[in-house]
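A.B. asks: Sharing data_13.pdb (PDB, C-alpha atoms) below.
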MODEL        1
ATOM      1  CA  MET A   1       4.786  18.449 -10.564
ATOM      2  CA  ASN A   2       6.504  20.295  -7.769
ATOM      3  CA  ALA A   3       9.307  17.749  -7.907
ATOM      4  CA  LEU A   4       9.709  18.904 -11.516
ATOM      5  CA  LEU A   5      10.150  22.473 -10.282
ATOM      6  CA  ALA A   6      12.721  21.332  -7.722
ATOM      7  CA  TYR A   7      14.713  19.482 -10.394
ATOM      8  CA  ALA A   8      14.450  22.479 -12.732
ATOM      9  CA  ILE A   9      15.828  24.759 -10.014
ATOM     10  CA  VAL A  10      18.761  22.390  -9.421
ATOM     11  CA  PHE A  11      19.462  22.194 -13.171
ATOM     12  CA  ALA A  12      19.298  25.983 -13.507
ATOM     13  CA  GLN A  13      21.682  26.476 -10.620
ATOM     14  CA  ILE A  14      24.172  23.952 -11.997
ATOM     15  CA  SER A  15      24.092  25.381 -15.528
ATOM     16  CA  LEU A  16      24.378  28.968 -14.284
ATOM     17  CA  GLY A  17      27.313  27.870 -12.134
ATOM     18  CA  ILE A  18      29.035  26.362 -15.184
ATOM     19  CA  ALA A  19      28.325  29.588 -17.079
ATOM     20  CA  MET A  20      29.923  31.603 -14.260
ATOM     21  CA  ILE A  21      32.977  29.311 -14.383
ATOM     22  CA  CYS A  22      33.272  29.951 -18.137
ATOM     23  CA  ALA A  23      33.126  33.709 -17.565
ATOM     24  CA  ALA A  24      35.680  33.465 -14.751
ATOM     25  CA  TYR A  25      38.003  31.484 -17.028
ATOM     26  CA  ARG A  26      37.700  34.240 -19.622
ATOM     27  CA  ILE A  27      38.565  36.811 -16.933
ATOM     28  CA  LEU A  28      41.624  34.870 -15.765
ATOM     29  CA  ARG A  29      42.975  33.727 -19.138
ATOM     30  CA  GLY A  30      41.653  36.380 -21.521
ATOM     31  CA  PRO A  31      44.342  37.216 -24.065
ATOM     32  CA  ARG A  32      43.766  40.946 -23.819
ATOM     33  CA  ALA A  33      42.129  43.452 -21.487
ATOM     34  CA  GLN A  34      38.892  43.771 -23.445
ATOM     35  CA  ASP A  35      38.338  40.013 -23.130
ATOM     36  CA  ARG A  36      38.578  40.335 -19.369
ATOM     37  CA  VAL A  37      36.074  43.199 -19.318
ATOM     38  CA  LEU A  38      33.694  41.146 -21.467
ATOM     39  CA  GLY A  39      34.099  38.211 -19.075
ATOM     40  CA  LEU A  40      33.272  40.482 -16.134
ATOM     41  CA  ASP A  41      30.144  41.692 -17.945
ATOM     42  CA  THR A  42      29.007  38.111 -18.518
ATOM     43  CA  LEU A  43      29.860  37.170 -14.936
ATOM     44  CA  TYR A  44      27.635  39.813 -13.383
ATOM     45  CA  VAL A  45      24.692  38.970 -15.620
ATOM     46  CA  ASN A  46      25.070  35.287 -14.670
ATOM     47  CA  ALA A  47      25.307  36.175 -10.979
ATOM     48  CA  MET A  48      22.139  38.257 -11.291
ATOM     49  CA  LEU A  49      20.304  35.324 -12.870
ATOM     50  CA  MET A  50      21.630  33.041 -10.122
ATOM     51  CA  LEU A  51      20.131  35.389  -7.519
ATOM     52  CA  LEU A  52      16.760  35.322  -9.323
ATOM     53  CA  VAL A  53      16.821  31.513  -9.316
ATOM     54  CA  PHE A  54      17.736  31.543  -5.629
ATOM     55  CA  GLY A  55      14.775  33.846  -4.987
ATOM     56  CA  ILE A  56      12.458  31.323  -6.689
ATOM     57  CA  LYS A  57      13.980  28.528  -4.619
ATOM     58  CA  SER A  58      13.553  30.285  -1.284
ATOM     59  CA  GLY A  59      10.252  32.005  -2.080
ATOM     60  CA  SER A  60      11.563  35.333  -0.802
ATOM     61  CA  THR A  61      11.298  38.612  -2.700
ATOM     62  CA  LEU A  62      14.466  40.059  -1.150
ATOM     63  CA  TYR A  63      16.677  38.497  -3.823
ATOM     64  CA  PHE A  64      14.963  40.537  -6.523
ATOM     65  CA  GLU A  65      16.321  43.744  -5.011
ATOM     66  CA  MET A  66      19.832  42.283  -4.822
ATOM     67  CA  ALA A  67      19.577  41.321  -8.491
ATOM     68  CA  LEU A  68      18.464  44.848  -9.395
ATOM     69  CA  VAL A  69      21.397  46.381  -7.504
ATOM     70  CA  ILE A  70      23.825  43.989  -9.240
ATOM     71  CA  ALA A  71      22.382  44.970 -12.638
ATOM     72  CA  LEU A  72      22.772  48.693 -11.892
ATOM     73  CA  LEU A  73      26.299  48.520 -10.469
ATOM     74  CA  GLY A  74      27.526  46.045 -13.069
ATOM     75  CA  PHE A  75      26.494  48.334 -15.903
ATOM     76  CA  VAL A  76      28.303  51.272 -14.304
ATOM     77  CA  GLY A  77      31.420  49.163 -13.690
ATOM     78  CA  THR A  78      31.625  47.778 -17.204
ATOM     79  CA  VAL A  79      31.149  51.168 -18.834
ATOM     80  CA  ALA A  80      33.806  52.671 -16.536
ATOM     81  CA  LEU A  81      36.276  49.897 -17.432
ATOM     82  CA  ALA A  82      35.601  50.332 -21.151
ATOM     83  CA  LYS A  83      36.142  54.069 -20.879
ATOM     84  CA  PHE A  84      39.389  53.370 -19.020
ATOM     85  CA  LEU A  85      40.558  51.121 -21.859
ATOM     86  CA  LEU A  86      39.740  53.867 -24.318
ATOM     87  CA  ARG A  87      41.452  56.636 -22.355
ATOM     88  CA  GLY A  88      44.503  54.757 -21.078
ATOM     89  CA  GLU A  89      45.773  54.276 -24.610
ATOM     90  CA  VAL A  90      45.347  57.968 -25.318
ATOM     91  CA  ILE A  91      47.593  58.860 -22.406
ATOM     92  CA  GLU A  92      50.226  56.413 -23.649
TER      93      GLU A  92
ATOM     94  CA  MET B   1      12.049  23.949  -0.858
ATOM     95  CA  SER B   2       9.725  25.213   1.845
ATOM     96  CA  SER B   3       7.241  27.154  -0.240
ATOM     97  CA  ALA B   4       7.341  25.449  -3.631
ATOM     98  CA  SER B   5       4.629  23.016  -2.559
ATOM     99  CA  GLU B   6       2.058  25.814  -2.316
ATOM    100  CA  ILE B   7       1.616  26.599  -6.004
ATOM    101  CA  SER B   8      -0.492  24.712  -8.508
ATOM    102  CA  ALA B   9       0.810  22.145 -10.960
ATOM    103  CA  LEU B  10       0.274  24.316 -14.050
ATOM    104  CA  ALA B  11       2.158  27.270 -12.561
ATOM    105  CA  ALA B  12       4.941  24.939 -11.452
ATOM    106  CA  PHE B  13       5.166  23.540 -14.985
ATOM    107  CA  PHE B  14       5.466  26.984 -16.568
ATOM    108  CA  THR B  15       7.962  28.132 -13.936
ATOM    109  CA  ALA B  16      10.125  25.062 -14.540
ATOM    110  CA  ALA B  17       9.893  25.371 -18.333
ATOM    111  CA  PHE B  18      10.962  29.027 -18.401
ATOM    112  CA  LEU B  19      13.681  28.302 -15.861
ATOM    113  CA  LEU B  20      15.128  25.446 -17.947
ATOM    114  CA  LEU B  21      14.986  27.480 -21.162
ATOM    115  CA  GLY B  22      16.591  30.571 -19.666
ATOM    116  CA  SER B  23      19.394  28.780 -17.865
ATOM    117  CA  ALA B  24      20.197  26.618 -20.905
ATOM    118  CA  LEU B  25      20.388  29.695 -23.148
ATOM    119  CA  THR B  26      22.646  31.463 -20.650
ATOM    120  CA  LEU B  27      24.910  28.406 -20.500
ATOM    121  CA  ILE B  28      25.114  28.283 -24.308
ATOM    122  CA  GLY B  29      26.039  31.965 -24.420
ATOM    123  CA  SER B  30      28.786  31.559 -21.834
ATOM    124  CA  LEU B  31      30.159  28.494 -23.636
ATOM    125  CA  GLY B  32      30.316  30.635 -26.764
ATOM    126  CA  LEU B  33      32.279  33.219 -24.774
ATOM    127  CA  LEU B  34      34.658  30.431 -23.791
ATOM    128  CA  ARG B  35      35.096  28.782 -27.169
ATOM    129  CA  LEU B  36      34.948  31.413 -29.922
ATOM    130  CA  HIS B  37      38.271  32.508 -31.360
ATOM    131  CA  SER B  38      38.621  36.282 -31.701
ATOM    132  CA  PHE B  39      37.328  39.094 -29.513
ATOM    133  CA  TYR B  40      34.944  40.408 -32.152
ATOM    134  CA  GLU B  41      33.297  36.996 -32.334
ATOM    135  CA  ARG B  42      33.201  36.590 -28.571
ATOM    136  CA  VAL B  43      31.236  39.828 -28.127
ATOM    137  CA  HIS B  44      28.213  38.236 -29.765
ATOM    138  CA  ALA B  45      27.893  35.160 -27.585
ATOM    139  CA  PRO B  46      26.905  36.462 -24.101
ATOM    140  CA  THR B  47      24.069  38.558 -25.539
ATOM    141  CA  LEU B  48      22.152  35.273 -25.799
ATOM    142  CA  GLY B  49      22.140  35.267 -22.002
ATOM    143  CA  THR B  50      21.429  38.953 -21.587
ATOM    144  CA  THR B  51      18.360  38.959 -23.828
ATOM    145  CA  LEU B  52      16.572  35.627 -23.854
ATOM    146  CA  GLY B  53      18.214  34.264 -20.690
ATOM    147  CA  VAL B  54      17.236  37.247 -18.558
ATOM    148  CA  GLY B  55      13.804  37.367 -20.202
ATOM    149  CA  CYS B  56      12.982  33.713 -19.598
ATOM    150  CA  ILE B  57      14.223  33.596 -16.000
ATOM    151  CA  ALA B  58      12.402  36.849 -15.182
ATOM    152  CA  MET B  59       9.249  35.395 -16.778
ATOM    153  CA  SER B  60       9.652  32.312 -14.624
ATOM    154  CA  SER B  61      10.021  34.489 -11.534
ATOM    155  CA  ILE B  62       6.947  36.545 -12.503
ATOM    156  CA  VAL B  63       4.834  33.390 -12.907
ATOM    157  CA  TYR B  64       6.065  31.946  -9.618
ATOM    158  CA  PHE B  65       5.595  35.017  -7.439
ATOM    159  CA  SER B  66       2.291  35.973  -9.065
ATOM    160  CA  THR B  67       0.926  32.535  -8.256
ATOM    161  CA  LEU B  68       2.403  32.592  -4.774
ATOM    162  CA  ALA B  69       0.958  36.011  -3.889
ATOM    163  CA  GLY B  70      -2.355  35.518  -5.675
ATOM    164  CA  GLN B  71      -1.977  38.774  -7.584
ATOM    165  CA  VAL B  72       0.044  39.991 -10.555
ATOM    166  CA  ALA B  73       3.615  40.856  -9.522
ATOM    167  CA  LEU B  74       5.547  42.543 -12.306
ATOM    168  CA  ARG B  75       8.696  43.651 -10.493
ATOM    169  CA  GLU B  76      11.047  41.600 -12.680
ATOM    170  CA  VAL B  77      10.038  43.638 -15.724
ATOM    171  CA  LEU B  78      12.322  46.318 -14.248
ATOM    172  CA  ILE B  79      15.348  44.034 -14.544
ATOM    173  CA  VAL B  80      14.440  42.999 -18.093
ATOM    174  CA  LEU B  81      13.972  46.604 -19.200
ATOM    175  CA  PHE B  82      17.199  47.755 -17.578
ATOM    176  CA  VAL B  83      19.365  44.940 -18.947
ATOM    177  CA  THR B  84      17.824  45.262 -22.412
ATOM    178  CA  ILE B  85      18.563  48.983 -22.490
ATOM    179  CA  THR B  86      22.083  48.870 -21.028
ATOM    180  CA  THR B  87      23.605  45.856 -22.839
ATOM    181  CA  PRO B  88      23.893  47.548 -26.273
ATOM    182  CA  ILE B  89      25.405  50.658 -24.663
ATOM    183  CA  THR B  90      27.973  48.582 -22.759
ATOM    184  CA  LEU B  91      28.999  46.485 -25.736
ATOM    185  CA  MET B  92      29.149  49.460 -28.073
ATOM    186  CA  VAL B  93      31.532  51.319 -25.744
ATOM    187  CA  LEU B  94      33.597  48.160 -25.193
ATOM    188  CA  VAL B  95      33.938  47.312 -28.892
ATOM    189  CA  ARG B  96      34.831  50.912 -29.656
ATOM    190  CA  ALA B  97      37.593  50.717 -27.031
ATOM    191  CA  ALA B  98      38.832  47.381 -28.450
ATOM    192  CA  LEU B  99      38.845  48.753 -31.988
ATOM    193  CA  PHE B 100      40.771  51.802 -30.826
ATOM    194  CA  ARG B 101      43.335  49.614 -29.073
ATOM    195  CA  ASP B 102      43.775  47.439 -32.150
ATOM    196  CA  GLN B 103      44.162  50.446 -34.402
ATOM    197  CA  THR B 104      46.773  52.094 -32.194
ATOM    198  CA  GLU B 105      48.874  48.923 -32.034
ATOM    199  CA  GLY B 106      49.034  48.402 -35.781
ATOM    200  CA  GLN B 107      47.246  49.667 -38.813
ATOM    201  CA  ASP B 108      45.559  46.410 -39.706
ATOM    202  CA  ALA B 109      45.708  44.677 -36.361
ATOM    203  CA  SER B 110      41.941  44.495 -36.054
ATOM    204  CA  ARG B 111      41.544  43.005 -39.526
ATOM    205  CA  ALA B 112      44.373  40.544 -38.892
ATOM    206  CA  ASN B 113      42.747  39.640 -35.579
ATOM    207  CA  ILE B 114      39.558  38.761 -37.406
ATOM    208  CA  GLU B 115      41.118  36.987 -40.362
ATOM    209  CA  SER B 116      43.630  34.907 -38.411
ATOM    210  CA  ALA B 117      40.849  33.183 -36.510
ATOM    211  CA  PRO B 118      40.273  29.627 -37.686
ATOM    212  CA  ARG B 119      37.052  29.260 -39.593
ATOM    213  CA  PRO B 120      34.555  26.454 -39.154
ATOM    214  CA  PRO B 121      34.231  24.252 -42.271
ATOM    215  CA  GLU B 122      31.511  25.445 -44.575
TER     216      GLU B 122
ENDMDL
END
Just dump the structure as structure tokens.
C.D. replies:
Amino acid sequence: MNALLAYAIVFAQISLGIAMICAAYRILRGPRAQDRVLGLDTLYVNAMLMLLVFGIKSGSTLYFEMALVIALLGFVGTVALAKFLLRGEVIE
Amino acid sequence: MSSASEISALAAFFTAAFLLLGSALTLIGSLGLLRLHSFYERVHAPTLGTTLGVGCIAMSSIVYFSTLAGQVALREVLIVLFVTITTPITLMVLVRAALFRDQTEGQDASRANIESAPRPPE
């Protein structure tokens, strides 16, 4: 049964990696700026989940704190970028 | 995999099940972000990962570390609460910014952006 957990961890890491590639593609090729901000939002959530999975794999509780810091700073960054999109057009 | 051999079979089964469910839902949400056509449709897709994906993977982590430590460890509830509270705020500000940008470029640019997207067959 623990082999099942090992395979599940490998599957979760692979699928979260593919999800991060999708978000990175949307950042690089997004037609407009709001698509890139949305891709960045998705990318940090996926990275946070990847850190949680890595914490389960290594059995260490340190990764939880990294995931919490990523969640906090990602929220602040996305809201700041959205406010910049809103205000930059006003100045123009 | 140094410490995964220490937990029981039932806890390992639940950890693996929540892990598979959460990562599959997050992958589906990110594929929707990749494949949907207009911005207003793409906003919906990653919320699958930020609600059920975060919830399932945090549940898996709670089960694993509670079994490993022999006592209830509810730290991951913090992440679930924080992401659940902040995702609607983030997306509301972002969609408001996108709508403002579309409206300043043309009067009906936002409506044209929605209606020009190819529809799936009904």
A.B. asks: With the cut-off set at 7 Å and counting all atoms listed in the file, tabulate each residue of segment 15-52 of chain A with an atom at most that distance from an atom of segment 27-43 of chain B, showing the nearest atom pair and its distance in Å to one decimal, ordered by chain and increasing number, as a tab-separated table.
C.D. replies:
residue	atom	partner	partner_atom	distance
A:Ser15	CA	B:Leu27	CA	5.9
A:Leu16	CA	B:Leu27	CA	6.3
A:Ala19	CA	B:Leu27	CA	5.0
A:Cys22	CA	B:Leu34	CA	5.8
A:Ala23	CA	B:Ser30	CA	6.5
A:Arg26	CA	B:Leu34	CA	6.4
A:Asp35	CA	B:Phe39	CA	6.5
A.B. asks: Which residues are near Asp41 of chain A? Cut-off 10 Å, all atoms listed in the file, ignore same chain within fewer than 6 positions. Put them as a list in words.
C.D. replies: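 Using all atoms listed in the file, the neighbours found are Ala23, Ile27, Asp35, Ala71, Gly74, Phe75, Gly77, Thr78 and Val79 of chain A; Pro46, Thr50, Thr87, Thr90 and Leu91 of chain B.
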A.B. asks: Just checking: using only C-alpha atoms, which residue out of A:Leu68, A:Ala80, A:Pro31, A:Tyr44 ends up closest to chain B?
C.D. replies: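 Ranking A:Leu68, A:Ala80, A:Pro31, A:Tyr44 by distance to chain B, first place goes to A:Leu68.
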A.B. asks: Given the choices A:Ala33, A:Leu5, A:Ala24, A:Leu49, which gets closest to Cys56 of chain B if the distance is worked out from all atoms listed in the file?
C.D. replies: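 Looking at the shortest contact to Cys56 of chain B, the residue is A:Leu49.
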A.B. asks: Using only C-alpha atoms, which residues sit within 8 Å of Gln34 of chain A once same-chain residues fewer than 2 positions away are excluded, as a list in words?
C.D. replies: Arg32, Arg36, Val37, Leu38, Ala82 and Leu85 of chain A; Phe39, Leu94, Ala97 and Ala98 of chain B
A.B. asks: Could you spell out the hits of the PyMOL selection byres ((chain B and resi 25) around 8) on the shown file, as a list in words?
C.D. replies: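 Output of the PyMOL selection byres ((chain B and resi 25) around 8): Leu21, Gly22, Ser23, Ala24, Thr26, Leu27, Ile28, Gly29, Leu48, Gly49, Leu52 and Gly53 of chain B.
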A.B. asks: Taking all atoms listed in the file into account, which of B:Gln71, B:Ser61, B:Gln103, B:Thr84 comes nearest chain A?
C.D. replies: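 Distance minimum relative to chain A lands on B:Ser61.
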A.B. asks: Which residue is closest to Gly17 of chain A? Choose from A:Leu73, A:Met48, A:Leu4, A:Leu62 and count all atoms listed in the file.
C.D. replies: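 That would be A:Met48, the residue with the smallest distance to Gly17 of chain A.
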A.B. asks: For this file, the PyMOL selection byres ((chain A and resi 53-60) around 9) selects which residues, as a PyMOL selection string?
C.D. replies: (chain A and resi 6+9+12-13+48-52+61-64) or (chain B and resi 1-4+19+57+60-61+64-65+68)
A.B. asks: Given all atoms listed in the file as the basis, pick out the residue of A:Ala8, A:Asn46, A:Leu40, A:Asn2 nearest to Tyr25 of chain A.
C.D. replies: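 Of A:Ala8, A:Asn46, A:Leu40, A:Asn2, the one nearest Tyr25 of chain A, counting all atoms listed in the file, is A:Leu40.
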A.B. asks: Would you mind reading off the distance between atom CA of Ala67 of chain A and atom CA of Val77 of chain B, one decimal, in Å?
C.D. replies: 12.2 Å
A.B. asks: Hey, which of B:Leu99, B:Ala73, B:Met59, B:Val93 ends up closest to chain A? Count all atoms listed in the file.
C.D. replies: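 Using all atoms listed in the file, the shortest distance to chain A belongs to B:Val93.
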A.B. asks: Quick one: distance from atom CA of Val54 of chain B to atom CA of Ile79 of chain B in Å, one decimal?
C.D. replies: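 Here the two named atoms are 8.1 Å from each other.
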A.B. asks: Between atom CA of Leu74 of chain B and atom CA of His44 of chain B, what distance in Å does the model show, to one decimal?
C.D. replies: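 Spanning atom CA of Leu74 of chain B to atom CA of His44 of chain B is a straight-line distance of 28.9 Å.
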A.B. asks: Would you give the centre and edge lengths, in Å to one decimal, of a box along x, y and z around the listed atoms of segment 31-48 of chain B, with 4 Å added to each side, as JSON?
C.D. replies:
{"center_x": 30.4, "center_y": 34.5, "center_z": -28.0, "size_x": 24.5, "size_y": 19.9, "size_z": 16.7}
